[in-house]
>>> print(open('model31.txt').read())   # compact mmCIF, N, CA and C atoms
# COMPACT_ATOMS: atom_id res chain seq x y z
N MET H 67 -7.04 -4.71 5.62
CA MET H 67 -5.68 -4.87 6.11
C MET H 67 -5.64 -6.09 7.03
N ASN H 68 -4.62 -6.90 6.85
CA ASN H 68 -4.40 -8.05 7.70
C ASN H 68 -3.21 -7.73 8.60
N ILE H 69 -3.49 -7.14 9.75
CA ILE H 69 -2.44 -6.64 10.63
C ILE H 69 -1.56 -7.76 11.16
N ALA H 70 -2.14 -8.92 11.44
CA ALA H 70 -1.34 -10.05 11.92
C ALA H 70 -0.32 -10.47 10.86
N ARG H 71 -0.73 -10.47 9.59
CA ARG H 71 0.19 -10.82 8.49
C ARG H 71 1.30 -9.79 8.39
N HIS H 72 0.97 -8.51 8.57
CA HIS H 72 1.99 -7.46 8.48
C HIS H 72 3.00 -7.57 9.62
N ILE H 73 2.53 -7.84 10.82
CA ILE H 73 3.45 -8.01 11.96
C ILE H 73 4.34 -9.23 11.73
N ALA H 74 3.76 -10.31 11.23
CA ALA H 74 4.55 -11.52 10.94
C ALA H 74 5.62 -11.23 9.89
N ARG H 75 5.27 -10.43 8.88
CA ARG H 75 6.24 -10.08 7.84
C ARG H 75 7.38 -9.25 8.42
N ILE H 76 7.06 -8.29 9.25
CA ILE H 76 8.09 -7.47 9.89
C ILE H 76 8.99 -8.35 10.76
N ASP H 77 8.39 -9.25 11.54
CA ASP H 77 9.18 -10.16 12.38
C ASP H 77 10.12 -11.01 11.53
N GLU H 78 9.61 -11.52 10.43
CA GLU H 78 10.44 -12.35 9.54
C GLU H 78 11.61 -11.55 9.00
N LEU H 79 11.37 -10.31 8.60
CA LEU H 79 12.43 -9.48 8.04
C LEU H 79 13.50 -9.11 9.07
N CYS H 80 13.13 -9.13 10.33
CA CYS H 80 14.12 -8.83 11.38
C CYS H 80 15.21 -9.89 11.45
N PHE H 81 14.97 -11.05 10.86
CA PHE H 81 15.96 -12.13 10.91
C PHE H 81 16.36 -12.64 9.53
N ARG H 82 15.71 -12.15 8.49
CA ARG H 82 16.03 -12.59 7.13
C ARG H 82 17.37 -12.01 6.71
N PRO H 83 18.23 -12.80 6.10
CA PRO H 83 19.53 -12.27 5.66
C PRO H 83 19.33 -11.18 4.60
N PHE H 84 20.26 -10.24 4.60
CA PHE H 84 20.24 -9.18 3.59
C PHE H 84 20.98 -9.67 2.35
N PRO H 85 20.55 -9.23 1.18
CA PRO H 85 21.25 -9.63 -0.05
C PRO H 85 22.56 -8.86 -0.21
N ALA H 86 23.40 -9.36 -1.08
CA ALA H 86 24.68 -8.71 -1.36
C ALA H 86 24.53 -7.56 -2.35
N GLU H 87 23.47 -7.59 -3.15
CA GLU H 87 23.26 -6.59 -4.20
C GLU H 87 21.90 -5.93 -4.05
N HIS H 88 21.76 -4.72 -4.61
CA HIS H 88 20.47 -4.04 -4.66
C HIS H 88 19.58 -4.73 -5.68
N GLY H 89 18.29 -4.78 -5.38
CA GLY H 89 17.37 -5.39 -6.33
C GLY H 89 15.99 -5.58 -5.73
N SER H 90 15.20 -6.40 -6.41
CA SER H 90 13.85 -6.72 -5.96
C SER H 90 13.79 -8.19 -5.60
N SER H 91 12.86 -8.51 -4.70
CA SER H 91 12.66 -9.90 -4.31
C SER H 91 11.19 -10.11 -4.00
N ASP H 92 10.88 -11.24 -3.39
CA ASP H 92 9.50 -11.53 -3.01
C ASP H 92 9.00 -10.56 -1.95
N VAL H 93 9.90 -9.87 -1.24
CA VAL H 93 9.46 -8.92 -0.21
C VAL H 93 9.38 -7.50 -0.72
N GLY H 94 10.05 -7.19 -1.80
CA GLY H 94 10.06 -5.82 -2.31
C GLY H 94 11.45 -5.41 -2.71
N ASP H 95 11.82 -4.19 -2.39
CA ASP H 95 13.16 -3.70 -2.69
C ASP H 95 14.09 -4.09 -1.55
N GLU H 96 15.31 -4.43 -1.90
CA GLU H 96 16.28 -4.78 -0.88
C GLU H 96 17.68 -4.56 -1.39
N GLY H 97 18.59 -4.55 -0.47
CA GLY H 97 19.99 -4.35 -0.80
C GLY H 97 20.84 -4.68 0.40
N PRO H 98 22.13 -4.44 0.29
CA PRO H 98 23.00 -4.72 1.41
C PRO H 98 22.55 -3.93 2.64
N GLY H 99 22.09 -4.63 3.65
CA GLY H 99 21.71 -4.00 4.90
C GLY H 99 20.26 -3.56 5.02
N TYR H 100 19.40 -3.88 4.05
CA TYR H 100 18.00 -3.44 4.20
C TYR H 100 17.02 -4.25 3.36
N HIS H 101 15.77 -4.23 3.85
CA HIS H 101 14.60 -4.74 3.14
C HIS H 101 13.53 -3.64 3.21
N VAL H 102 12.85 -3.38 2.10
CA VAL H 102 11.70 -2.47 2.07
C VAL H 102 10.54 -3.27 1.47
N VAL H 103 9.47 -3.40 2.25
CA VAL H 103 8.33 -4.19 1.80
C VAL H 103 7.09 -3.30 1.74
N VAL H 104 6.30 -3.49 0.70
CA VAL H 104 5.01 -2.82 0.58
C VAL H 104 3.98 -3.73 1.24
N LEU H 105 3.43 -3.25 2.36
CA LEU H 105 2.44 -4.03 3.09
C LEU H 105 1.05 -3.89 2.49
N GLU H 106 0.74 -2.69 2.02
CA GLU H 106 -0.55 -2.39 1.38
C GLU H 106 -0.28 -1.43 0.23
N ARG H 107 -1.05 -1.58 -0.84
CA ARG H 107 -0.93 -0.70 -2.00
C ARG H 107 -2.33 -0.38 -2.50
N SER H 108 -2.57 0.90 -2.81
CA SER H 108 -3.87 1.30 -3.32
C SER H 108 -3.70 2.02 -4.64
N GLN H 109 -4.46 1.63 -5.61
CA GLN H 109 -4.44 2.29 -6.90
C GLN H 109 -5.62 3.26 -6.93
N SER H 110 -5.44 4.36 -6.22
CA SER H 110 -6.54 5.32 -6.08
C SER H 110 -6.46 6.39 -7.16
N ASP H 111 -7.60 6.98 -7.45
CA ASP H 111 -7.61 8.10 -8.38
C ASP H 111 -7.53 9.40 -7.57
N CYS H 112 -7.40 10.50 -8.25
CA CYS H 112 -7.24 11.80 -7.59
C CYS H 112 -8.38 12.11 -6.63
N GLY H 113 -9.58 11.68 -6.95
CA GLY H 113 -10.73 11.99 -6.13
C GLY H 113 -10.74 11.27 -4.79
N THR H 114 -10.04 10.14 -4.69
CA THR H 114 -10.04 9.38 -3.45
C THR H 114 -8.67 9.31 -2.78
N ARG H 115 -7.70 9.96 -3.36
CA ARG H 115 -6.33 9.87 -2.83
C ARG H 115 -6.24 10.35 -1.38
N ALA H 116 -6.83 11.46 -1.06
CA ALA H 116 -6.76 12.00 0.30
C ALA H 116 -7.38 11.01 1.30
N ALA H 117 -8.49 10.42 0.93
CA ALA H 117 -9.13 9.44 1.81
C ALA H 117 -8.26 8.19 1.95
N THR H 118 -7.59 7.79 0.87
CA THR H 118 -6.71 6.63 0.92
C THR H 118 -5.51 6.90 1.82
N VAL H 119 -4.92 8.08 1.69
CA VAL H 119 -3.80 8.45 2.56
C VAL H 119 -4.24 8.41 4.02
N GLU H 120 -5.39 8.97 4.30
CA GLU H 120 -5.90 8.98 5.67
C GLU H 120 -6.10 7.56 6.19
N GLN H 121 -6.64 6.67 5.36
CA GLN H 121 -6.84 5.28 5.78
C GLN H 121 -5.51 4.59 6.02
N TYR H 122 -4.53 4.81 5.16
CA TYR H 122 -3.22 4.18 5.33
C TYR H 122 -2.49 4.73 6.55
N GLU H 123 -2.71 5.98 6.88
CA GLU H 123 -2.14 6.52 8.12
C GLU H 123 -2.74 5.82 9.33
N LYS H 124 -4.03 5.48 9.25
CA LYS H 124 -4.66 4.72 10.33
C LYS H 124 -4.06 3.32 10.42
N TYR H 125 -3.77 2.70 9.27
CA TYR H 125 -3.10 1.40 9.26
C TYR H 125 -1.72 1.50 9.91
N ARG H 126 -0.95 2.53 9.52
CA ARG H 126 0.38 2.76 10.10
C ARG H 126 0.27 2.92 11.62
N ASP H 127 -0.70 3.70 12.06
CA ASP H 127 -0.89 3.93 13.49
C ASP H 127 -1.30 2.64 14.22
N ALA H 128 -2.07 1.78 13.56
CA ALA H 128 -2.46 0.50 14.16
C ALA H 128 -1.23 -0.39 14.33
N LEU H 129 -0.33 -0.36 13.36
CA LEU H 129 0.92 -1.11 13.51
C LEU H 129 1.74 -0.55 14.68
N TYR H 130 1.77 0.77 14.79
CA TYR H 130 2.47 1.40 15.91
C TYR H 130 1.91 0.89 17.24
N GLU H 131 0.60 0.83 17.35
CA GLU H 131 -0.03 0.40 18.60
C GLU H 131 0.38 -1.02 19.00
N LEU H 132 0.66 -1.87 18.03
CA LEU H 132 1.08 -3.24 18.33
C LEU H 132 2.59 -3.36 18.55
N LEU H 133 3.36 -2.52 17.88
CA LEU H 133 4.82 -2.59 18.02
C LEU H 133 5.34 -1.79 19.21
N GLU H 134 4.61 -0.77 19.61
CA GLU H 134 5.05 0.09 20.72
C GLU H 134 5.24 -0.67 22.03
N PRO H 135 4.34 -1.58 22.42
CA PRO H 135 4.59 -2.33 23.66
C PRO H 135 5.84 -3.21 23.59
N ARG H 136 6.16 -3.65 22.40
CA ARG H 136 7.31 -4.54 22.21
C ARG H 136 8.63 -3.77 22.22
N TRP H 137 8.68 -2.65 21.49
CA TRP H 137 9.95 -1.95 21.29
C TRP H 137 9.99 -0.55 21.89
N GLY H 138 8.90 -0.10 22.46
CA GLY H 138 8.90 1.18 23.15
C GLY H 138 8.18 2.28 22.39
N GLU H 139 7.84 3.29 23.17
CA GLU H 139 7.18 4.48 22.61
C GLU H 139 8.18 5.27 21.77
N THR H 140 7.71 5.80 20.68
CA THR H 140 8.57 6.59 19.81
C THR H 140 7.76 7.71 19.18
N ASP H 141 8.39 8.84 18.99
CA ASP H 141 7.75 9.93 18.27
C ASP H 141 7.91 9.70 16.78
N PRO H 142 7.01 10.22 15.97
CA PRO H 142 7.18 10.09 14.52
C PRO H 142 8.49 10.74 14.07
N LEU H 143 9.16 10.09 13.15
CA LEU H 143 10.39 10.60 12.56
C LEU H 143 10.02 11.45 11.36
N ASN H 144 10.40 12.73 11.38
CA ASN H 144 10.11 13.65 10.29
C ASN H 144 11.12 13.39 9.16
N LEU H 145 10.66 12.82 8.08
CA LEU H 145 11.54 12.49 6.96
C LEU H 145 11.82 13.69 6.07
N GLN H 146 11.10 14.78 6.26
CA GLN H 146 11.34 16.00 5.47
C GLN H 146 12.77 16.50 5.68
N THR H 147 13.27 16.41 6.90
CA THR H 147 14.64 16.87 7.15
C THR H 147 15.65 15.99 6.42
N THR H 148 15.35 14.72 6.29
CA THR H 148 16.24 13.83 5.55
C THR H 148 16.22 14.17 4.07
N VAL H 149 15.03 14.45 3.52
CA VAL H 149 14.94 14.86 2.12
C VAL H 149 15.79 16.11 1.88
N LEU H 150 15.67 17.07 2.76
CA LEU H 150 16.46 18.31 2.60
C LEU H 150 17.95 18.03 2.67
N ARG H 151 18.36 17.10 3.51
CA ARG H 151 19.78 16.78 3.64
C ARG H 151 20.33 16.10 2.40
N THR H 152 19.50 15.42 1.61
CA THR H 152 19.99 14.73 0.42
C THR H 152 20.55 15.70 -0.61
N ALA H 153 20.17 16.97 -0.52
CA ALA H 153 20.69 17.97 -1.45
C ALA H 153 22.16 18.30 -1.19
N ARG H 154 22.62 18.08 0.04
CA ARG H 154 23.99 18.48 0.37
C ARG H 154 24.86 17.35 0.91
N GLU H 155 24.27 16.18 1.14
CA GLU H 155 25.07 15.06 1.64
C GLU H 155 24.49 13.75 1.12
N GLU H 156 25.31 12.74 1.15
CA GLU H 156 24.85 11.43 0.70
C GLU H 156 24.17 10.71 1.86
N ILE H 157 22.91 10.41 1.68
CA ILE H 157 22.12 9.68 2.67
C ILE H 157 22.06 8.23 2.19
N PRO H 158 22.40 7.28 3.06
CA PRO H 158 22.41 5.88 2.63
C PRO H 158 21.00 5.32 2.43
N GLU H 159 20.95 4.28 1.62
CA GLU H 159 19.70 3.52 1.49
C GLU H 159 19.54 2.67 2.74
N PRO H 160 18.36 2.45 3.16
CA PRO H 160 17.08 2.73 2.54
C PRO H 160 16.52 4.11 2.91
N TRP H 161 17.28 4.89 3.68
CA TRP H 161 16.77 6.16 4.21
C TRP H 161 16.53 7.20 3.13
N ALA H 162 17.39 7.27 2.13
CA ALA H 162 17.21 8.26 1.06
C ALA H 162 15.91 8.00 0.30
N SER H 163 15.69 6.76 -0.10
CA SER H 163 14.47 6.47 -0.86
C SER H 163 13.23 6.54 0.02
N LEU H 164 13.32 6.14 1.29
CA LEU H 164 12.17 6.25 2.17
C LEU H 164 11.77 7.71 2.35
N SER H 165 12.74 8.58 2.54
CA SER H 165 12.41 10.00 2.73
C SER H 165 11.87 10.63 1.45
N ALA H 166 12.23 10.09 0.30
CA ALA H 166 11.69 10.60 -0.96
C ALA H 166 10.25 10.14 -1.17
N ARG H 167 9.85 9.07 -0.49
CA ARG H 167 8.52 8.49 -0.69
C ARG H 167 7.53 8.85 0.41
N ALA H 168 8.03 9.04 1.65
CA ALA H 168 7.14 9.22 2.80
C ALA H 168 7.50 10.49 3.56
N ARG H 169 6.54 11.01 4.28
CA ARG H 169 6.74 12.25 5.05
C ARG H 169 7.17 11.98 6.49
N VAL H 170 6.59 10.97 7.11
CA VAL H 170 6.92 10.61 8.49
C VAL H 170 6.95 9.08 8.60
N ALA H 171 7.67 8.61 9.60
CA ALA H 171 7.72 7.17 9.87
C ALA H 171 7.82 6.96 11.38
N TYR H 172 7.31 5.85 11.82
CA TYR H 172 7.60 5.40 13.17
C TYR H 172 8.83 4.52 13.08
N LEU H 173 9.73 4.69 14.02
CA LEU H 173 11.03 4.02 13.96
C LEU H 173 11.38 3.43 15.31
N TRP H 174 11.83 2.17 15.29
CA TRP H 174 12.30 1.50 16.49
C TRP H 174 13.60 0.78 16.21
N GLU H 175 14.40 0.62 17.25
CA GLU H 175 15.50 -0.33 17.20
C GLU H 175 14.93 -1.64 17.73
N ALA H 176 14.85 -2.63 16.87
CA ALA H 176 14.22 -3.91 17.22
C ALA H 176 15.14 -4.68 18.16
N GLU H 177 14.78 -4.66 19.41
CA GLU H 177 15.60 -5.25 20.47
C GLU H 177 15.99 -6.69 20.15
N GLY H 178 17.28 -6.96 20.32
CA GLY H 178 17.80 -8.30 20.12
C GLY H 178 18.09 -8.68 18.69
N THR H 179 17.86 -7.77 17.74
CA THR H 179 18.08 -8.11 16.33
C THR H 179 19.22 -7.32 15.70
N GLY H 180 19.58 -6.19 16.30
CA GLY H 180 20.58 -5.32 15.68
C GLY H 180 20.03 -4.58 14.47
N ARG H 181 18.72 -4.52 14.36
CA ARG H 181 18.09 -3.89 13.20
C ARG H 181 17.12 -2.79 13.62
N TRP H 182 16.91 -1.88 12.69
CA TRP H 182 15.91 -0.82 12.82
C TRP H 182 14.68 -1.22 12.04
N VAL H 183 13.51 -0.86 12.56
CA VAL H 183 12.24 -1.10 11.87
C VAL H 183 11.52 0.23 11.75
N ALA H 184 11.06 0.53 10.55
CA ALA H 184 10.27 1.75 10.31
C ALA H 184 9.00 1.36 9.58
N VAL H 185 7.90 2.04 9.93
CA VAL H 185 6.65 1.90 9.18
C VAL H 185 6.23 3.30 8.75
N ALA H 186 5.79 3.41 7.50
CA ALA H 186 5.49 4.72 6.93
C ALA H 186 4.45 4.59 5.82
N VAL H 187 3.84 5.72 5.49
CA VAL H 187 2.92 5.80 4.37
C VAL H 187 3.62 6.56 3.25
N ALA H 188 3.80 5.90 2.12
CA ALA H 188 4.42 6.53 0.96
C ALA H 188 3.33 7.24 0.17
N ASP H 189 3.36 8.58 0.24
CA ASP H 189 2.33 9.36 -0.45
C ASP H 189 2.88 10.64 -1.07
N ARG H 190 4.19 10.80 -1.12
CA ARG H 190 4.76 12.04 -1.66
C ARG H 190 4.51 12.22 -3.16
N ASP H 191 4.58 11.14 -3.90
CA ASP H 191 4.43 11.21 -5.36
C ASP H 191 2.96 11.04 -5.72
N ASN H 192 2.33 12.12 -6.15
CA ASN H 192 0.90 12.07 -6.50
C ASN H 192 0.60 11.21 -7.71
N THR H 193 1.62 10.85 -8.48
CA THR H 193 1.40 10.01 -9.66
C THR H 193 1.58 8.53 -9.34
N ASP H 194 1.98 8.22 -8.12
CA ASP H 194 2.22 6.83 -7.73
C ASP H 194 1.14 6.36 -6.76
N ASP H 195 1.02 5.05 -6.59
CA ASP H 195 0.09 4.48 -5.63
C ASP H 195 0.46 4.93 -4.22
N VAL H 196 -0.53 5.02 -3.36
CA VAL H 196 -0.29 5.19 -1.93
C VAL H 196 0.11 3.82 -1.40
N GLN H 197 1.15 3.77 -0.56
CA GLN H 197 1.64 2.50 -0.06
C GLN H 197 1.90 2.57 1.44
N LEU H 198 1.63 1.48 2.11
CA LEU H 198 2.03 1.30 3.50
C LEU H 198 3.32 0.49 3.45
N LEU H 199 4.40 1.08 3.96
CA LEU H 199 5.72 0.46 3.86
C LEU H 199 6.24 0.01 5.22
N ALA H 200 7.02 -1.03 5.19
CA ALA H 200 7.84 -1.43 6.34
C ALA H 200 9.28 -1.50 5.86
N VAL H 201 10.17 -0.96 6.64
CA VAL H 201 11.60 -1.00 6.35
C VAL H 201 12.29 -1.70 7.50
N VAL H 202 13.15 -2.65 7.18
CA VAL H 202 13.97 -3.32 8.18
C VAL H 202 15.40 -3.20 7.69
N THR H 203 16.27 -2.65 8.56
CA THR H 203 17.63 -2.36 8.13
C THR H 203 18.60 -2.42 9.31
N ASP H 204 19.86 -2.67 9.01
CA ASP H 204 20.89 -2.56 10.04
C ASP H 204 21.69 -1.28 9.86
N ILE H 205 21.22 -0.42 8.97
CA ILE H 205 21.87 0.87 8.70
C ILE H 205 21.21 1.92 9.61
N ASP H 206 22.03 2.55 10.45
CA ASP H 206 21.50 3.55 11.37
C ASP H 206 20.81 4.68 10.61
N PRO H 207 19.70 5.19 11.18
CA PRO H 207 19.03 6.32 10.54
C PRO H 207 19.91 7.55 10.55
N PRO H 208 19.79 8.38 9.51
CA PRO H 208 20.64 9.57 9.43
C PRO H 208 20.26 10.61 10.47
>>> encode(input="model31.txt", output="structure tokens")
Amino acid sequence: MNIARHIARIDELCFRPFPAEHGSSDVGDEGPGYHVVVLERSQSDCGTRAATVEQYEKYRDALYELLEPRWGETDPLNLQTTVLRTAREEIPEPWASLSARARVAYLWEAEGTGRWVAVAVADRDNTDDVQLLAVVTDIDPP
């Protein structure tokens, strides 16, 4: 993991314009009001998936340790409640897809940018790669 590169990417996304339409770009998935970037991706098999998830959680926590002095201490955001809410209400992007992919995220309001920053490990889908994600959005969390 190149943590300096990941922090630089998050910083860049805090000021990068949002697109008018949903789609993919050089950073990942994006749409009106959000960017979702895959910082790390592992193509693990079933035998190593648990170890990969554990390693990516350590990567997420390392990002937290560097972002916490800048934007403040935060408790992990339980995305399970957001997943449950999608059954009865419309949850905006990027929050609906993030909660479908990840269990918890660290979340900050990036001071001076008007944007929210979340870092999470996408591991809900056992058939998909484990991913370390960063989300930058001006859409308030649900």
>>> atom_distance(input="model31.txt", atom1="atom C of Val170 of chain H", atom2="atom CA of Pro207 of chain H")
12.5 Å
>>> residues_around(input="model31.txt", residues="Thr148 of chain H", least_positions_apart="2", cutoff="8 Å", atoms="all atoms listed in the file", output="number ranges by chain")
H: 144-146, 150-153, 157, 161-162, 165-166, 208
>>> write_last_selection(input="model31.txt", atoms="N, CA and C atoms", output="compact mmCIF listing (two decimals), in the coordinates of the input")
# COMPACT_ATOMS: atom_id res chain seq x y z
N ASN H 144 10.40 12.73 11.38
CA ASN H 144 10.11 13.65 10.29
C ASN H 144 11.12 13.39 9.16
N LEU H 145 10.66 12.82 8.08
CA LEU H 145 11.54 12.49 6.96
C LEU H 145 11.82 13.69 6.07
N GLN H 146 11.10 14.78 6.26
CA GLN H 146 11.34 16.00 5.47
C GLN H 146 12.77 16.50 5.68
N LEU H 150 15.67 17.07 2.76
CA LEU H 150 16.46 18.31 2.60
C LEU H 150 17.95 18.03 2.67
N ARG H 151 18.36 17.10 3.51
CA ARG H 151 19.78 16.78 3.64
C ARG H 151 20.33 16.10 2.40
N THR H 152 19.50 15.42 1.61
CA THR H 152 19.99 14.73 0.42
C THR H 152 20.55 15.70 -0.61
N ALA H 153 20.17 16.97 -0.52
CA ALA H 153 20.69 17.97 -1.45
C ALA H 153 22.16 18.30 -1.19
N ILE H 157 22.91 10.41 1.68
CA ILE H 157 22.12 9.68 2.67
C ILE H 157 22.06 8.23 2.19
N TRP H 161 17.28 4.89 3.68
CA TRP H 161 16.77 6.16 4.21
C TRP H 161 16.53 7.20 3.13
N ALA H 162 17.39 7.27 2.13
CA ALA H 162 17.21 8.26 1.06
C ALA H 162 15.91 8.00 0.30
N SER H 165 12.74 8.58 2.54
CA SER H 165 12.41 10.00 2.73
C SER H 165 11.87 10.63 1.45
N ALA H 166 12.23 10.09 0.30
CA ALA H 166 11.69 10.60 -0.96
C ALA H 166 10.25 10.14 -1.17
N PRO H 208 19.79 8.38 9.51
CA PRO H 208 20.64 9.57 9.43
C PRO H 208 20.26 10.61 10.47
>>> atom_distance(input="model31.txt", atom1="atom CA of Arg181 of chain H", atom2="atom CA of Thr203 of chain H")
5.3 Å
>>> residues_around(input="model31.txt", residues="Val183 of chain H", least_positions_apart="3", cutoff="7 Å", atoms="all atoms listed in the file", output="PyMOL selection string")
chain H and resi 172-176+200-203
>>> write_last_selection(input="model31.txt", atoms="N, CA and C atoms", output="compact mmCIF listing (two decimals), keeping the file's coordinate frame")
# COMPACT_ATOMS: atom_id res chain seq x y z
N TYR H 172 7.31 5.85 11.82
CA TYR H 172 7.60 5.40 13.17
C TYR H 172 8.83 4.52 13.08
N LEU H 173 9.73 4.69 14.02
CA LEU H 173 11.03 4.02 13.96
C LEU H 173 11.38 3.43 15.31
N TRP H 174 11.83 2.17 15.29
CA TRP H 174 12.30 1.50 16.49
C TRP H 174 13.60 0.78 16.21
N GLU H 175 14.40 0.62 17.25
CA GLU H 175 15.50 -0.33 17.20
C GLU H 175 14.93 -1.64 17.73
N ALA H 176 14.85 -2.63 16.87
CA ALA H 176 14.22 -3.91 17.22
C ALA H 176 15.14 -4.68 18.16
N ALA H 200 7.02 -1.03 5.19
CA ALA H 200 7.84 -1.43 6.34
C ALA H 200 9.28 -1.50 5.86
N VAL H 201 10.17 -0.96 6.64
CA VAL H 201 11.60 -1.00 6.35
C VAL H 201 12.29 -1.70 7.50
N VAL H 202 13.15 -2.65 7.18
CA VAL H 202 13.97 -3.32 8.18
C VAL H 202 15.40 -3.20 7.69
N THR H 203 16.27 -2.65 8.56
CA THR H 203 17.63 -2.36 8.13
C THR H 203 18.60 -2.42 9.31
>>> closest_atom_pairs(input="model31.txt", of="segment 109-132 of chain H", to="segment 71-83 of chain H", cutoff="12 Å", atoms="only C-alpha atoms", output="tab-separated table")
residue	atom	partner	partner_atom	distance
H:Tyr125	CA	H:His72	CA	10.2
H:Arg126	CA	H:His72	CA	10.5
H:Ala128	CA	H:Ile73	CA	10.6
H:Leu129	CA	H:Ile73	CA	7.5
H:Tyr130	CA	H:Ile73	CA	10.3
H:Glu131	CA	H:Ile73	CA	11.3
H:Leu132	CA	H:Ile73	CA	8.3
>>> atom_distance(input="model31.txt", atom1="atom C of Glu155 of chain H", atom2="atom C of Thr193 of chain H")
25.7 Å
